[in-house]
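Peer 1: The structure follows.
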Amino acid sequence: VYEGTFALVDFLRLEESGDHERAGKDVIRRILEAPQILKVVHDIDNTAMQVLQRGVILQAELHSVSPHWTTISPALDLSVVGAFIRRTRPGALKLSGLTFDFLRLEMCMAEALSNWERRPLRQTQRHYA
């Protein structure tokens with residue numbers, strides 16, 4: 001959130017935009033690599049990190065010999081923080097539970113398993129995201 005603004009990035013639409021793909025992915029890559037911006041994630045594993053890194057590579061360059069892999073730093077994983085506080089293992093705590101325990105906010109999980117490839121996204125999907 002930046003001054004009350006929230007951005008939802010639609011990678012599928014970005015990749016279909018042709019000329020705008022490079023500009024859009026460059027902005028996202030610069031945000032992910034910016035050392036002054038803390039990236040907050042929840043329970044992200046190596047596979048999810050690789051998917052995110054691949055998401056900012058141009059489609060034409062994805063299968064090249066040596067694409068530029070984005071370094072996502074600094075990043076804070078809420079599942080690791082919650083596990084440290086509760087003295088348990090990372091991944092054992094759900095984001096909805098952490099959100100309620102520390103912020104007293106309930107997350108609506110109705111859209112968690114919805115079809116995220118269908119466009120346009122419903123308002124309830126955008127709210128969940």
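Letters for chains follow the order of the structure tokens (A, B, ...), residue numbers begin at 1 for each chain, and ligand numbers begin at 1 in the order shown.
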List as a short mmCIF file (atom, residue, chain, number, x, y, z; two decimals) with all heavy atoms, in the first residue's frame the protein and nucleic acid residues near His42 in chain A, meaning an atom at most 10 Å away when only C-alpha atoms are counted, but skip any in the same chain fewer than 6 places from it.
Peer 2:
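Result file follows (result.cif):
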```
data_model
loop_
_atom_site.label_atom_id
_atom_site.label_comp_id
_atom_site.auth_asym_id
_atom_site.auth_seq_id
_atom_site.Cartn_x
_atom_site.Cartn_y
_atom_site.Cartn_z
N LEU A 76 10.37 -10.26 3.68
CA LEU A 76 10.00 -10.75 5.01
C LEU A 76 8.86 -11.74 4.85
O LEU A 76 7.81 -11.40 4.31
CB LEU A 76 9.55 -9.58 5.89
CG LEU A 76 9.03 -9.93 7.28
CD1 LEU A 76 10.17 -10.44 8.15
CD2 LEU A 76 8.37 -8.72 7.92
N ASP A 77 9.08 -12.96 5.31
CA ASP A 77 8.05 -14.01 5.21
C ASP A 77 7.29 -14.06 6.53
O ASP A 77 7.86 -14.40 7.57
CB ASP A 77 8.70 -15.36 4.91
CG ASP A 77 7.68 -16.41 4.52
OD1 ASP A 77 6.55 -16.38 5.05
OD2 ASP A 77 8.02 -17.27 3.70
N LEU A 78 6.01 -13.71 6.48
CA LEU A 78 5.19 -13.67 7.69
C LEU A 78 5.05 -15.03 8.36
O LEU A 78 4.89 -15.11 9.58
CB LEU A 78 3.81 -13.09 7.38
CG LEU A 78 3.80 -11.63 6.95
CD1 LEU A 78 2.38 -11.19 6.62
CD2 LEU A 78 4.41 -10.74 8.00
N SER A 79 5.13 -16.11 7.58
CA SER A 79 5.04 -17.44 8.20
C SER A 79 6.26 -17.72 9.06
O SER A 79 6.15 -18.37 10.09
CB SER A 79 4.85 -18.53 7.14
OG SER A 79 6.00 -18.69 6.36
N VAL A 80 7.42 -17.21 8.66
CA VAL A 80 8.64 -17.39 9.47
C VAL A 80 8.55 -16.55 10.73
O VAL A 80 8.90 -17.02 11.82
CB VAL A 80 9.89 -17.04 8.64
CG1 VAL A 80 11.14 -17.09 9.49
CG2 VAL A 80 10.02 -17.99 7.45
N VAL A 81 8.08 -15.32 10.60
CA VAL A 81 7.93 -14.44 11.77
C VAL A 81 6.93 -15.04 12.75
O VAL A 81 7.19 -15.11 13.96
CB VAL A 81 7.48 -13.02 11.34
CG1 VAL A 81 7.16 -12.16 12.55
CG2 VAL A 81 8.54 -12.37 10.47
N GLY A 82 5.78 -15.48 12.24
CA GLY A 82 4.77 -16.09 13.12
C GLY A 82 5.29 -17.35 13.79
O GLY A 82 5.03 -17.58 14.98
N PRO A 90 7.83 -22.94 10.43
CA PRO A 90 7.23 -22.11 9.38
C PRO A 90 6.30 -22.95 8.51
O PRO A 90 6.55 -24.13 8.27
CB PRO A 90 8.44 -21.62 8.57
CG PRO A 90 9.59 -21.70 9.51
CD PRO A 90 9.30 -22.89 10.39
N GLY A 91 5.24 -22.36 8.05
CA GLY A 91 4.28 -23.06 7.21
C GLY A 91 3.13 -23.66 7.99
O GLY A 91 2.13 -24.06 7.41
N LEU A 93 1.35 -22.05 10.18
CA LEU A 93 0.38 -21.00 10.49
C LEU A 93 -0.24 -20.45 9.21
O LEU A 93 0.47 -20.08 8.28
CB LEU A 93 1.06 -19.86 11.26
CG LEU A 93 1.76 -20.29 12.55
CD1 LEU A 93 2.58 -19.15 13.11
CD2 LEU A 93 0.74 -20.76 13.57
N LYS A 94 -1.53 -20.39 9.17
CA LYS A 94 -2.25 -19.85 8.02
C LYS A 94 -2.28 -18.32 8.10
O LYS A 94 -2.32 -17.74 9.18
CB LYS A 94 -3.70 -20.36 7.98
CG LYS A 94 -3.82 -21.86 7.93
CD LYS A 94 -3.57 -22.33 6.54
CE LYS A 94 -3.83 -23.82 6.46
NZ LYS A 94 -3.19 -24.43 5.35
N LEU A 95 -2.27 -17.68 6.94
CA LEU A 95 -2.31 -16.22 6.89
C LEU A 95 -3.58 -15.69 7.54
O LEU A 95 -3.54 -14.68 8.25
CB LEU A 95 -2.19 -15.72 5.45
CG LEU A 95 -2.19 -14.21 5.26
CD1 LEU A 95 -1.03 -13.57 6.03
CD2 LEU A 95 -2.12 -13.86 3.79
#
```
Peer 1: Which residues are close to Gln125 in chain A, i.e. within 9 Å by only C-alpha atoms, leaving aside same-chain residues fewer than 4 positions away? Reply as a VMD selection string.
Peer 2: chain A and resid 110 to 112 114 116 121 129
Peer 1: Can you tell me, as a ChimeraX atom specification, which residues in chain A count as strand (DSSP E or B) by DSSP?
Peer 2: /A:2,5,39-41,75-77
Peer 1: Using only C-alpha atoms, which residues sit within 6 Å of range 37-40 of chain A once same-chain residues fewer than 2 positions away are excluded, as a ChimeraX atom specification?
Peer 2: /A:34-35,74-76
Peer 1: Given only C-alpha atoms, how would the per-residue table for range 46-115 of chain A near range 15-27 of chain A read, listing every residue at most 9 Å away with its closest atom pair and distance in Å to one decimal, sorted by chain and number, as a Markdown table?
Peer 2:
```
| residue | atom | partner | partner_atom | distance |
| --- | --- | --- | --- | --- |
| A:Gly55 | CA | A:Lys25 | CA | 8.0 |
| A:Val56 | CA | A:Lys25 | CA | 5.0 |
| A:Ile57 | CA | A:Lys25 | CA | 7.1 |
| A:Leu58 | CA | A:Arg22 | CA | 6.5 |
| A:Gln59 | CA | A:Glu15 | CA | 7.2 |
```
Peer 1: Mind checking DSSP for chain A and telling me the helix (DSSP H, G or I) residues as a ChimeraX atom specification?
Peer 2: /A:11-16,19-33,46-55,59-61,78-86,95-103,123-128
Peer 1: Report the distance between CA of His68 in chain A and CA of Leu12 in chain A in Å, rounded to one decimal place.
Peer 2: 19.9 Å
Peer 1: So, with only C-alpha atoms as the atoms that count, which of A:Val51, A:Asp43, A:Phe11, A:Thr70 lies closest to Arg119 in chain A?
Peer 2: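 Distance minimum relative to Arg119 in chain A lands on A:Phe11.
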